[in-house]
$ cat run24.cif   # mmCIF, C-alpha atoms
data_my_file
loop_
_atom_site.label_atom_id
_atom_site.label_comp_id
_atom_site.auth_asym_id
_atom_site.auth_seq_id
_atom_site.Cartn_x
_atom_site.Cartn_y
_atom_site.Cartn_z
CA MET A 63 -16.36 -85.65 -43.32
CA ALA A 64 -19.99 -85.12 -42.55
CA THR A 65 -19.35 -86.31 -39.05
CA ASN A 66 -16.61 -83.67 -38.54
CA ARG A 67 -18.90 -80.95 -39.83
CA LEU A 68 -21.60 -82.10 -37.38
CA ARG A 69 -19.17 -82.01 -34.45
CA GLN A 70 -18.01 -78.51 -35.36
CA SER A 71 -21.60 -77.33 -35.64
CA ILE A 72 -22.45 -78.74 -32.18
CA LYS A 73 -19.37 -77.06 -30.63
CA ALA A 74 -20.31 -73.72 -32.21
CA SER A 75 -23.85 -74.00 -30.90
CA LEU A 76 -22.68 -74.82 -27.38
CA ALA A 77 -20.24 -71.90 -27.40
CA ALA A 78 -22.96 -69.52 -28.54
CA SER A 79 -25.28 -70.82 -25.85
CA ALA A 80 -22.61 -70.33 -23.15
CA ILE A 81 -22.01 -66.75 -24.30
CA ALA A 82 -25.74 -66.05 -24.27
CA VAL A 83 -26.12 -67.44 -20.77
CA LEU A 84 -23.15 -65.42 -19.55
CA ALA A 85 -24.49 -62.25 -21.12
CA TRP A 86 -27.92 -62.84 -19.58
CA THR A 87 -26.32 -63.41 -16.16
CA ILE A 88 -24.31 -60.20 -16.39
CA ALA A 89 -27.32 -58.23 -17.56
CA ILE A 90 -29.37 -59.18 -14.49
CA PRO A 91 -28.44 -56.92 -11.53
CA ALA A 92 -27.25 -58.75 -8.42
CA THR A 93 -29.90 -58.85 -5.73
CA ALA A 94 -28.62 -58.00 -2.20
CA GLN A 95 -29.22 -60.58 0.42
CA PRO A 96 -32.06 -59.48 2.68
CA SER A 97 -30.82 -58.22 6.04
CA ASP A 98 -31.75 -60.03 9.21
CA PRO A 99 -34.15 -57.66 11.03
CA VAL A 100 -33.37 -59.33 14.36
CA ALA A 101 -29.62 -58.82 13.91
CA GLU A 102 -30.20 -55.27 12.71
CA TYR A 103 -32.35 -54.53 15.72
CA ARG A 104 -29.70 -55.87 18.08
CA LYS A 105 -27.07 -53.73 16.39
CA LEU A 106 -29.24 -50.64 16.70
CA GLY A 107 -29.90 -51.53 20.32
CA ALA A 108 -26.15 -51.57 21.02
CA GLU A 109 -25.74 -48.22 19.28
CA ALA A 110 -28.61 -46.77 21.29
CA ALA A 111 -27.05 -48.09 24.49
CA LYS A 112 -23.79 -46.34 23.60
CA ALA A 113 -25.67 -43.10 22.93
CA GLU A 114 -27.42 -43.50 26.27
CA GLU A 115 -24.04 -43.95 28.02
CA ASP A 116 -22.70 -40.85 26.24
CA LEU A 117 -25.72 -38.91 27.43
CA SER A 118 -25.29 -40.19 31.00
CA ASP A 119 -21.61 -39.18 31.01
CA ALA A 120 -22.46 -35.70 29.76
CA GLU A 121 -25.22 -35.25 32.34
CA MET A 122 -22.89 -36.29 35.17
CA ALA A 123 -20.23 -33.90 33.89
CA LEU A 124 -22.84 -31.15 33.80
CA ASP A 125 -23.88 -31.88 37.39
CA ALA A 126 -20.25 -31.83 38.56
CA ASN A 127 -19.55 -28.55 36.79
CA GLU A 128 -22.68 -26.93 38.16
CA ALA A 129 -21.54 -27.92 41.68
CA GLU A 130 -18.10 -26.47 40.96
CA LEU A 131 -19.73 -23.28 39.72
CA ALA A 132 -21.76 -22.99 42.93
CA ARG A 133 -18.58 -23.41 45.02
CA ALA A 134 -16.78 -20.79 42.95
CA LYS A 135 -19.61 -18.31 43.38
CA SER A 136 -19.54 -18.91 47.12
CA SER A 137 -15.80 -18.22 47.11
CA VAL A 138 -16.38 -14.99 45.22
CA ALA A 139 -18.98 -13.90 47.79
CA GLN A 140 -16.61 -14.66 50.68
CA ALA A 141 -13.76 -12.81 49.01
CA ARG A 142 -15.93 -9.77 48.38
CA GLY A 143 -16.99 -9.87 52.02
CA ILE A 144 -13.35 -9.74 53.08
CA GLU A 145 -12.77 -6.90 50.65
CA ASP A 146 -15.76 -4.97 51.98
CA GLN A 147 -14.45 -5.35 55.52
CA ALA A 148 -11.06 -4.02 54.40
CA ARG A 149 -12.75 -1.06 52.72
CA ALA A 150 -14.59 -0.29 55.94
CA GLU A 151 -11.32 -0.38 57.88
CA GLN A 152 -9.80 1.90 55.29
CA ALA A 153 -12.63 4.42 55.73
CA LEU A 154 -12.13 4.46 59.50
CA LEU A 155 -8.38 5.05 59.11
CA GLN A 156 -8.60 7.42 56.16
CA GLY A 157 -8.42 10.59 58.29
CA GLU A 158 -5.34 9.41 60.13
CA VAL A 159 -3.71 8.27 56.91
CA ASP A 160 -4.41 11.66 55.31
CA ARG A 161 -2.92 13.47 58.33
CA LEU A 162 0.22 11.37 58.28
CA THR A 163 0.55 11.80 54.53
CA ALA A 164 0.15 15.60 54.77
CA SER A 165 2.63 15.81 57.61
CA ALA A 166 5.22 13.82 55.71
CA TYR A 167 4.63 15.99 52.61
CA ARG A 168 5.30 19.24 54.58
CA GLY A 169 8.50 17.80 55.95
CA SER A 170 7.41 18.19 59.56
CA ARG A 171 8.34 15.22 61.66
CA THR A 172 8.40 14.58 65.34
CA ASP A 173 11.02 12.05 66.19
CA GLU A 174 13.35 11.16 69.04
CA LEU A 175 15.84 13.90 68.12
CA THR A 176 13.13 16.57 68.37
CA ALA A 177 12.00 15.10 71.64
CA ALA A 178 15.54 15.27 72.99
CA LEU A 179 16.02 18.90 71.97
CA THR A 180 12.76 20.06 73.50
CA SER A 181 12.98 18.06 76.68
CA LYS A 182 14.18 19.93 79.75
CA ILE A 183 14.83 16.90 81.82
CA PRO A 184 15.66 13.26 81.00
CA ASP A 185 12.30 12.03 82.27
CA ASP A 186 10.49 14.27 79.74
CA PHE A 187 12.61 12.83 76.95
CA LEU A 188 11.91 9.27 77.99
CA ASP A 189 8.18 9.90 78.20
CA GLN A 190 8.03 11.60 74.80
CA ALA A 191 10.25 9.01 73.13
CA THR A 192 8.17 6.19 74.49
CA MET A 193 4.95 7.79 73.27
CA LEU A 194 6.41 8.40 69.82
CA GLY A 195 7.54 4.80 69.63
CA VAL A 196 4.09 3.60 70.55
CA LEU A 197 2.47 5.88 67.99
CA ALA A 198 4.85 4.77 65.27
CA ALA A 199 4.30 1.10 66.09
CA ASP A 200 0.53 1.56 66.16
CA ASN A 201 0.52 3.38 62.83
CA LYS A 202 2.69 0.75 61.20
CA GLN A 203 0.56 -2.08 62.58
CA VAL A 204 -2.63 -0.46 61.35
CA LEU A 205 -1.26 0.36 57.92
CA ASP A 206 0.38 -3.03 57.50
CA GLY A 207 -2.78 -4.79 58.62
CA PHE A 208 -4.89 -2.74 56.24
CA LYS A 209 -2.49 -3.40 53.36
CA ASP A 210 -2.40 -7.13 54.11
CA ALA A 211 -6.20 -7.41 54.37
CA THR A 212 -6.70 -5.51 51.13
CA GLN A 213 -4.17 -7.63 49.28
CA ARG A 214 -5.67 -10.84 50.60
CA ALA A 215 -9.17 -9.76 49.66
CA GLN A 216 -8.13 -8.71 46.17
CA SER A 217 -6.16 -11.93 45.62
CA ALA A 218 -9.00 -14.10 46.90
CA ARG A 219 -11.51 -12.29 44.72
CA GLU A 220 -9.35 -12.66 41.61
CA GLN A 221 -8.78 -16.35 42.27
CA ALA A 222 -12.47 -16.98 42.87
CA GLN A 223 -13.43 -15.09 39.73
CA GLU A 224 -10.98 -17.18 37.72
CA ALA A 225 -12.46 -20.36 39.21
CA GLU A 226 -15.95 -19.14 38.43
CA LEU A 227 -14.97 -18.44 34.84
CA ARG A 228 -13.43 -21.89 34.44
CA ALA A 229 -16.46 -23.57 35.97
CA GLN A 230 -18.83 -21.58 33.77
CA GLN A 231 -16.87 -22.53 30.66
CA ALA A 232 -16.91 -26.19 31.68
CA THR A 233 -20.62 -26.03 32.41
CA ASP A 234 -21.35 -24.44 29.04
CA ALA A 235 -19.27 -27.13 27.31
CA ALA A 236 -21.07 -29.92 29.17
CA ALA A 237 -24.44 -28.38 28.36
CA ARG A 238 -23.51 -28.31 24.69
CA LEU A 239 -22.39 -31.94 24.90
CA VAL A 240 -25.69 -32.98 26.47
CA GLY A 241 -27.50 -31.31 23.60
CA GLU A 242 -25.32 -33.02 21.00
CA VAL A 243 -25.67 -36.46 22.56
CA GLN A 244 -29.40 -36.01 23.02
CA GLN A 245 -29.70 -35.11 19.35
CA ARG A 246 -27.79 -38.24 18.35
CA LYS A 247 -30.03 -40.33 20.58
CA ASP A 248 -33.12 -38.70 19.09
CA ASP A 249 -31.86 -39.59 15.62
CA LEU A 250 -31.13 -43.12 16.73
CA ASP A 251 -34.57 -43.44 18.30
CA GLY A 252 -35.97 -42.68 14.87
CA ARG A 253 -33.93 -45.50 13.35
CA ILE A 254 -35.05 -47.87 16.09
CA SER A 255 -38.66 -46.91 15.38
CA GLU A 256 -38.14 -48.03 11.79
CA VAL A 257 -36.76 -51.37 12.92
CA ARG A 258 -39.64 -51.78 15.36
CA ARG A 259 -42.04 -51.37 12.50
CA ALA A 260 -40.15 -54.08 10.65
CA LEU A 261 -40.21 -56.29 13.72
CA ASN A 262 -43.97 -55.96 13.92
CA GLY A 263 -44.06 -57.85 10.63
CA LEU A 264 -41.88 -60.70 11.86
CA ASP A 265 -43.36 -64.14 11.92
CA PRO A 266 -43.70 -65.87 15.32
CA SER A 267 -40.51 -67.89 14.86
CA ASP A 268 -38.40 -64.74 14.44
CA ARG A 269 -40.05 -63.18 17.47
CA ARG A 270 -39.21 -66.25 19.51
CA ARG A 271 -35.66 -66.11 18.20
CA LEU A 272 -35.36 -62.50 19.35
CA GLN A 273 -36.79 -63.07 22.79
CA GLY A 274 -35.66 -66.62 23.42
CA PRO A 275 -36.79 -68.97 26.18
CA VAL A 276 -36.22 -67.77 29.75
CA ASP A 277 -33.50 -69.69 31.56
CA THR A 278 -34.76 -71.27 34.79
CA GLY A 279 -31.49 -72.81 35.99
CA SER A 280 -30.02 -72.35 39.47
CA TYR A 281 -26.72 -70.52 39.95
CA LEU A 282 -24.78 -69.94 43.16
CA GLY A 283 -22.14 -67.37 44.00
CA PRO A 284 -19.68 -67.10 46.89
CA PRO A 285 -21.32 -66.55 50.29
CA GLY A 286 -22.06 -62.93 51.08
CA ALA A 287 -23.01 -59.82 49.14
CA ALA A 288 -21.97 -61.14 45.71
CA ASN A 289 -24.36 -64.09 45.96
CA THR A 290 -27.13 -61.86 47.37
CA ALA A 291 -26.75 -59.55 44.35
CA LEU A 292 -26.61 -62.53 41.99
CA GLN A 293 -29.83 -64.05 43.33
CA ALA A 294 -31.52 -60.63 43.15
CA ALA A 295 -30.58 -60.28 39.47
CA LEU A 296 -31.67 -63.84 38.70
CA SER A 297 -35.01 -63.20 40.39
CA LYS A 298 -35.77 -60.65 37.65
CA ARG A 299 -35.48 -63.11 34.76
CA GLY A 300 -38.38 -62.51 32.39
CA SER A 301 -38.63 -58.79 33.22
CA ASP A 302 -38.93 -56.33 30.35
CA TYR A 303 -36.11 -54.09 29.19
CA GLU A 304 -36.75 -50.33 29.34
CA TRP A 305 -34.32 -47.54 28.49
CA GLY A 306 -33.03 -45.80 31.62
CA SER A 307 -35.07 -47.95 34.01
CA LYS A 308 -33.53 -48.88 37.37
CA GLY A 309 -36.23 -51.33 38.51
CA PRO A 310 -37.89 -52.87 40.28
CA THR A 311 -40.06 -54.22 37.47
CA THR A 312 -38.24 -53.07 34.31
CA PHE A 313 -34.53 -52.50 33.77
CA ASP A 314 -31.81 -51.37 31.44
CA CYS A 315 -28.45 -53.14 31.68
CA SER A 316 -26.80 -50.99 34.36
CA GLY A 317 -30.12 -50.54 36.12
CA LEU A 318 -30.30 -54.30 36.71
CA THR A 319 -26.78 -54.57 38.15
CA GLN A 320 -27.20 -51.44 40.27
CA TRP A 321 -30.54 -52.66 41.64
CA ALA A 322 -29.17 -56.15 42.34
CA TYR A 323 -26.22 -54.84 44.37
CA LYS A 324 -28.49 -52.43 46.19
CA GLN A 325 -30.40 -55.48 47.48
CA ALA A 326 -27.08 -56.60 48.98
CA GLY A 327 -26.61 -53.23 50.69
CA ILE A 328 -23.97 -52.03 48.24
CA THR A 329 -24.28 -48.83 46.21
CA ILE A 330 -22.68 -48.72 42.77
CA PRO A 331 -22.91 -45.96 40.12
CA PRO A 332 -25.82 -45.78 37.66
CA SER A 333 -24.17 -46.36 34.26
CA SER A 334 -22.08 -49.17 32.82
CA ARG A 335 -19.09 -46.85 32.25
CA THR A 336 -19.14 -45.58 35.82
CA GLN A 337 -19.62 -49.12 37.15
CA TRP A 338 -16.41 -49.98 35.28
CA THR A 339 -14.56 -47.70 37.74
CA VAL A 340 -15.61 -49.51 40.95
CA GLY A 341 -14.30 -52.67 42.57
CA ARG A 342 -11.17 -54.28 41.16
CA ALA A 343 -10.31 -55.73 37.78
CA VAL A 344 -10.39 -59.51 37.35
CA SER A 345 -9.17 -61.55 34.41
CA ARG A 346 -11.59 -63.56 32.35
CA ASN A 347 -10.23 -66.89 33.57
CA GLN A 348 -10.75 -65.77 37.18
CA LEU A 349 -14.42 -64.78 36.85
CA GLN A 350 -16.73 -65.80 39.65
CA PRO A 351 -20.50 -65.35 40.10
CA GLY A 352 -21.41 -61.79 41.02
CA ASP A 353 -18.61 -60.19 38.99
CA LEU A 354 -19.66 -57.52 36.50
CA VAL A 355 -18.60 -57.99 32.89
CA PHE A 356 -18.46 -55.17 30.35
CA TYR A 357 -18.74 -54.76 26.58
CA ASP A 358 -17.48 -51.97 24.33
CA ASP A 359 -17.58 -51.25 20.60
CA GLY A 360 -14.67 -53.58 19.85
CA SER A 361 -11.99 -50.90 20.16
CA GLY A 362 -10.85 -51.89 23.67
CA ASP A 363 -11.47 -48.30 24.81
CA PRO A 364 -13.36 -48.08 28.14
CA SER A 365 -14.89 -44.78 27.05
CA THR A 366 -16.94 -46.75 24.51
CA ILE A 367 -18.40 -49.24 27.01
CA HIS A 368 -22.13 -49.56 26.38
CA HIS A 369 -23.25 -52.72 28.21
CA VAL A 370 -22.78 -54.47 31.57
CA ALA A 371 -23.92 -57.89 32.75
CA MET A 372 -23.43 -60.07 35.84
CA TYR A 373 -21.50 -63.32 35.67
CA VAL A 374 -23.43 -66.36 36.92
CA GLY A 375 -20.83 -69.06 36.25
CA GLY A 376 -20.35 -71.65 33.53
CA GLY A 377 -19.53 -69.04 30.89
CA LYS A 378 -22.89 -67.31 31.30
CA VAL A 379 -24.21 -63.95 32.46
CA VAL A 380 -27.56 -62.53 33.50
CA ASP A 381 -28.37 -59.22 31.86
CA ALA A 382 -30.94 -56.86 30.39
CA PRO A 383 -29.78 -56.73 26.73
CA THR A 384 -31.98 -54.29 24.83
CA GLU A 385 -35.60 -53.40 24.22
CA GLY A 386 -37.58 -56.30 22.85
CA GLN A 387 -35.61 -58.79 24.91
CA LEU A 388 -36.14 -59.95 28.47
CA VAL A 389 -33.80 -60.11 31.45
CA ASP A 390 -32.30 -63.59 31.15
CA VAL A 391 -29.18 -65.75 31.32
CA ARG A 392 -27.03 -65.72 28.17
CA SER A 393 -23.51 -66.50 26.98
CA VAL A 394 -20.75 -64.32 28.37
CA GLU A 395 -19.66 -63.76 24.76
CA GLY A 396 -22.42 -61.20 24.39
CA ASP A 397 -21.98 -59.29 21.15
CA GLY A 398 -18.37 -60.46 20.92
CA HIS A 399 -16.94 -57.21 22.28
CA TYR A 400 -16.05 -58.32 25.81
CA ILE A 401 -13.63 -55.76 27.29
CA GLY A 402 -13.16 -56.86 30.90
CA ALA A 403 -14.65 -57.50 34.32
CA ARG A 404 -14.76 -55.99 37.80
CA ARG A 405 -15.25 -57.62 41.19
CA ILE A 406 -17.40 -55.43 43.41
CA VAL A 407 -16.86 -57.30 46.68
CA GLY A 408 -14.35 -59.84 47.93
#

$ encode --input "run24.cif" --output "C-alpha cells"
Amino acid sequence: MATNRLRQSIKASLAASAIAVLAWTIAIPATAQPSDPVAEYRKLGAEAAKAEEDLSDAEMALDANEAELARAKSSVAQARGIEDQARAEQALLQGEVDRLTASAYRGSRTDELTAALTSKIPDDFLDQATMLGVLAADNKQVLDGFKDATQRAQSAREQAQEAELRAQQATDAAARLVGEVQQRKDDLDGRISEVRRALNGLDPSDRRRLQGPVDTGSYLGPPGAANTALQAALSKRGSDYEWGSKGPTTFDCSGLTQWAYKQAGITIPPSSRTQWTVGRAVSRNQLQPGDLVFYDDGSGDPSTIHHVAMYVGGGKVVDAPTEGQLVDVRSVEGDGHYIGARRIVG
C-alpha cells in the first residue's frame, strides 16, 4: 500500500514538472534565427541590379522619345514652310482671284457664245475662243494648284503637330519613369549601405566566403569571335565590380560581356535586358563557350532580367556578380533564376 502511494506521488511530481517546463518554454519568446549577412547582401545586390536595369530601360526610352520629338519638330517646320509658300502664292494671285470672283458675282461672263456673237469673221471667233480657253485653263490650273498646295501644307502641319504631341507625351512619361526608377534605386542604395556596414563587421572567414578564391582554370571556346570574347572576359578575373562600369578595369555584369565582345570586334547593347534581344536563342543543353546566359527574378519574364554572364563550358560561367565580389568563374546556376541564353555569333 505504501509502495502504491509512493508511485502515485512520483507520477504526480513528474507531471507537475512537465507542466512547469512546458509553461516556461511557452513563456520564453522564440528567438529568430540570425540572418546571413552575406546572403542578404547578395539578395540586395540582385535587387539593385534589377533597379539599375529598370533605370537603363527608362533612359533608353527617354533618348528614343527625345529623338522622335526632334524629328516631329522638324516635320512641323517643313510643313509650315510649305504652308508659308502657299500663302505667298495666294497673295500673288489674290488680285486675280478677287477680279474673277467679282465678275462671277455680277453675272458678267465672257465665253465662247459671246465671242461668236461679237465676231465678224470666223477667224476672229477662233482667235477669241482660243484665248478664252487658254485663260480658263490657266485660271483653273493656278487655282487648283493653290488649293492643292494649301491642303497639303495644312494636312502636313496637322500630322506633324499630332506626332509632336505624341512624342512629347511619351518623353514626359519616360522622364517620369526615370525619376521613379532613380528614386527606387536611391532607396535601395540606402539599404545596401546598411548591409555594407554589417559586412564591415564580418570576420575574415565570411569575407572569404563572399569573395571566394579566383578561378585560374583554362577554358576554350569555338574558333573565332566567341573564343576571342571568352578569353577577353576570362582575362579580367579578379577585377572589381562597380555599378554601371563598362571596363576596362572595373565592370558590372553587362559591362563585362559588352567589353569582352568589343575586343572581338562585335558591338552588343549596354544592358543585360537589351543584350537578351541580340543573337539567337539557344537551349541550355546546347550551350557552348561564348554564349550569354541570363537571369531574372524567377518569374520567367524577360522584362525582369537583371544579370548576364558568359558561358565558359563545364556548367560554369564567368561574370561580374555584384559589388563586393570579383569577376570570376562560377556555376551557371547563379542565383537559381536562369531564364535562357543567346548565341551572339555562329

$ residues_around --input "run24.cif" --residues "A:Leu239" --least-positions-apart "2" --cutoff "10 Å" --atoms "all atoms listed in the file" --output "PyMOL selection string"
chain A and resi 116-117+119-121+123-124+233-237+241-245

$ closest_residue --input "run24.cif" --among "A:Leu250, A:Ala322, A:Leu272, A:Ala139" --to "A:Ala287" --atoms "only C-alpha atoms"
A:Ala322

$ atom_distance --input "run24.cif" --atom1 "atom CA of A:Ala108" --atom2 "atom CA of A:Tyr400"
13.1 Å

$ atom_distance --input "run24.cif" --atom1 "atom CA of A:Ser334" --atom2 "atom CA of A:Phe356"
7.4 Å

$ atom_distance --input "run24.cif" --atom1 "atom CA of A:Arg405" --atom2 "atom CA of A:Asp353"
4.8 Å

$ closest_residue --input "run24.cif" --among "A:Gly386, A:Gly402, A:Gly360, A:Pro285" --to "A:Asn347" --atoms "all atoms listed in the file"
A:Gly402

$ closest_residue --input "run24.cif" --among "A:Leu264, A:Val344, A:Ala111, A:Ala222" --to "A:Arg246" --atoms "only C-alpha atoms"
A:Ala111

$ resolve_selection --input "run24.cif" --expression "the PyMOL selection byres ((chain A and resi 320) around 12)" --output "JSON, numbers by chain"
{"A": [291, 292, 294, 295, 306, 307, 308, 309, 310, 313, 314, 315, 316, 317, 318, 319, 321, 322, 323, 324, 325, 326, 327, 328, 329, 330, 331, 332, 333, 334, 336, 337, 338, 340, 352, 354, 370, 371, 372, 381, 382, 406]}

$ resolve_selection --input "run24.cif" --expression "the PyMOL selection byres ((chain A and resi 225-232) around 10)" --output "list in words"
Ala123, Leu124, Ala126, Asn127, Glu128, Ala129, Glu130, Leu131, Ala132, Arg133, Ala134, Lys135, Ser136, Ser137, Val138, Arg219, Glu220, Gln221, Ala222, Gln223, Glu224, Thr233, Asp234, Ala235, Ala236, Ala237 and Arg238 of chain A

$ resolve_selection --input "run24.cif" --expression "the PyMOL selection byres ((chain A and resi 282) around 10)" --output "mmCIF file with C-alpha atoms, in the coordinates of the input"
data_model
loop_
_atom_site.group_PDB
_atom_site.id
_atom_site.type_symbol
_atom_site.label_atom_id
_atom_site.label_comp_id
_atom_site.auth_asym_id
_atom_site.auth_seq_id
_atom_site.Cartn_x
_atom_site.Cartn_y
_atom_site.Cartn_z
ATOM 1 C CA SER A 280 -30.020 -72.350 39.470
ATOM 2 C CA TYR A 281 -26.720 -70.520 39.950
ATOM 3 C CA GLY A 283 -22.140 -67.370 44.000
ATOM 4 C CA PRO A 284 -19.680 -67.100 46.890
ATOM 5 C CA PRO A 285 -21.320 -66.550 50.290
ATOM 6 C CA ALA A 288 -21.970 -61.140 45.710
ATOM 7 C CA ASN A 289 -24.360 -64.090 45.960
ATOM 8 C CA THR A 290 -27.130 -61.860 47.370
ATOM 9 C CA LEU A 292 -26.610 -62.530 41.990
ATOM 10 C CA GLN A 293 -29.830 -64.050 43.330
ATOM 11 C CA GLN A 350 -16.730 -65.800 39.650
ATOM 12 C CA PRO A 351 -20.500 -65.350 40.100
ATOM 13 C CA GLY A 352 -21.410 -61.790 41.020
ATOM 14 C CA VAL A 374 -23.430 -66.360 36.920
ATOM 15 C CA GLY A 375 -20.830 -69.060 36.250
#

$ closest_residue --input "run24.cif" --among "A:Gln147, A:Ser217, A:Gln387, A:Thr366" --to "A:Ser301" --atoms "all atoms listed in the file"
A:Gln387

$ closest_residue --input "run24.cif" --among "A:Tyr103, A:Tyr373, A:Gln213, A:Gly408" --to "A:Ser393" --atoms "all atoms listed in the file"
A:Tyr373

$ residues_around --input "run24.cif" --residues "A:Glu109" --least-positions-apart "4" --cutoff "10 Å" --atoms "all atoms listed in the file" --output "list in words"
Tyr103, Arg104, Lys105, Ala113, Glu114, Glu115, Lys247, Leu250, Ile254, Asp359 and His368 of chain A

$ closest_residue --input "run24.cif" --among "A:Arg346, A:Lys298, A:Arg253, A:Arg404" --to "A:Gly377" --atoms "all atoms listed in the file"
A:Arg346

$ decode --input "run24.cif" --residues "stretch 242-258 of chain A" --atoms "N, CA and C atoms" --output "PDB file, in the first residue's frame"
ATOM      1  N   GLU A 242      11.160  57.932 -61.201  1.00  0.00           N
ATOM      2  CA  GLU A 242      10.647  56.915 -60.293  1.00  0.00           C
ATOM      3  C   GLU A 242      11.683  55.816 -60.060  1.00  0.00           C
ATOM      4  N   VAL A 243      12.296  55.356 -61.140  1.00  0.00           N
ATOM      5  CA  VAL A 243      13.295  54.295 -61.003  1.00  0.00           C
ATOM      6  C   VAL A 243      14.501  54.794 -60.226  1.00  0.00           C
ATOM      7  N   GLN A 244      14.914  56.023 -60.513  1.00  0.00           N
ATOM      8  CA  GLN A 244      16.056  56.585 -59.799  1.00  0.00           C
ATOM      9  C   GLN A 244      15.762  56.674 -58.307  1.00  0.00           C
ATOM     10  N   GLN A 245      14.525  57.026 -57.969  1.00  0.00           N
ATOM     11  CA  GLN A 245      14.151  57.103 -56.561  1.00  0.00           C
ATOM     12  C   GLN A 245      14.229  55.733 -55.910  1.00  0.00           C
ATOM     13  N   ARG A 246      13.723  54.703 -56.629  1.00  0.00           N
ATOM     14  CA  ARG A 246      13.793  53.349 -56.090  1.00  0.00           C
ATOM     15  C   ARG A 246      15.247  52.925 -55.893  1.00  0.00           C
ATOM     16  N   LYS A 247      16.095  53.275 -56.864  1.00  0.00           N
ATOM     17  CA  LYS A 247      17.499  52.905 -56.738  1.00  0.00           C
ATOM     18  C   LYS A 247      18.162  53.652 -55.581  1.00  0.00           C
ATOM     19  N   ASP A 248      17.791  54.914 -55.403  1.00  0.00           N
ATOM     20  CA  ASP A 248      18.326  55.672 -54.274  1.00  0.00           C
ATOM     21  C   ASP A 248      17.941  55.004 -52.954  1.00  0.00           C
ATOM     22  N   ASP A 249      16.674  54.576 -52.868  1.00  0.00           N
ATOM     23  CA  ASP A 249      16.220  53.900 -51.654  1.00  0.00           C
ATOM     24  C   ASP A 249      16.992  52.602 -51.447  1.00  0.00           C
ATOM     25  N   LEU A 250      17.193  51.877 -52.535  1.00  0.00           N
ATOM     26  CA  LEU A 250      17.903  50.617 -52.442  1.00  0.00           C
ATOM     27  C   LEU A 250      19.367  50.836 -52.062  1.00  0.00           C
ATOM     28  N   ASP A 251      19.958  51.901 -52.602  1.00  0.00           N
ATOM     29  CA  ASP A 251      21.340  52.220 -52.235  1.00  0.00           C
ATOM     30  C   ASP A 251      21.464  52.423 -50.726  1.00  0.00           C
ATOM     31  N   GLY A 252      20.416  53.003 -50.141  1.00  0.00           N
ATOM     32  CA  GLY A 252      20.429  53.187 -48.691  1.00  0.00           C
ATOM     33  C   GLY A 252      20.425  51.852 -47.966  1.00  0.00           C
ATOM     34  N   ARG A 253      19.635  50.904 -48.468  1.00  0.00           N
ATOM     35  CA  ARG A 253      19.591  49.577 -47.857  1.00  0.00           C
ATOM     36  C   ARG A 253      20.941  48.884 -48.017  1.00  0.00           C
ATOM     37  N   ILE A 254      21.532  49.021 -49.195  1.00  0.00           N
ATOM     38  CA  ILE A 254      22.838  48.397 -49.425  1.00  0.00           C
ATOM     39  C   ILE A 254      23.883  48.991 -48.491  1.00  0.00           C
ATOM     40  N   SER A 255      23.782  50.286 -48.241  1.00  0.00           N
ATOM     41  CA  SER A 255      24.722  50.928 -47.314  1.00  0.00           C
ATOM     42  C   SER A 255      24.618  50.291 -45.934  1.00  0.00           C
ATOM     43  N   GLU A 256      23.401  49.963 -45.516  1.00  0.00           N
ATOM     44  CA  GLU A 256      23.231  49.312 -44.220  1.00  0.00           C
ATOM     45  C   GLU A 256      23.917  47.946 -44.204  1.00  0.00           C
ATOM     46  N   VAL A 257      23.732  47.196 -45.292  1.00  0.00           N
ATOM     47  CA  VAL A 257      24.346  45.875 -45.359  1.00  0.00           C
ATOM     48  C   VAL A 257      25.864  45.993 -45.394  1.00  0.00           C
ATOM     49  N   ARG A 258      26.358  47.025 -46.102  1.00  0.00           N
ATOM     50  CA  ARG A 258      27.809  47.221 -46.153  1.00  0.00           C
ATOM     51  C   ARG A 258      28.375  47.453 -44.758  1.00  0.00           C
TER      52      ARG A 258
END
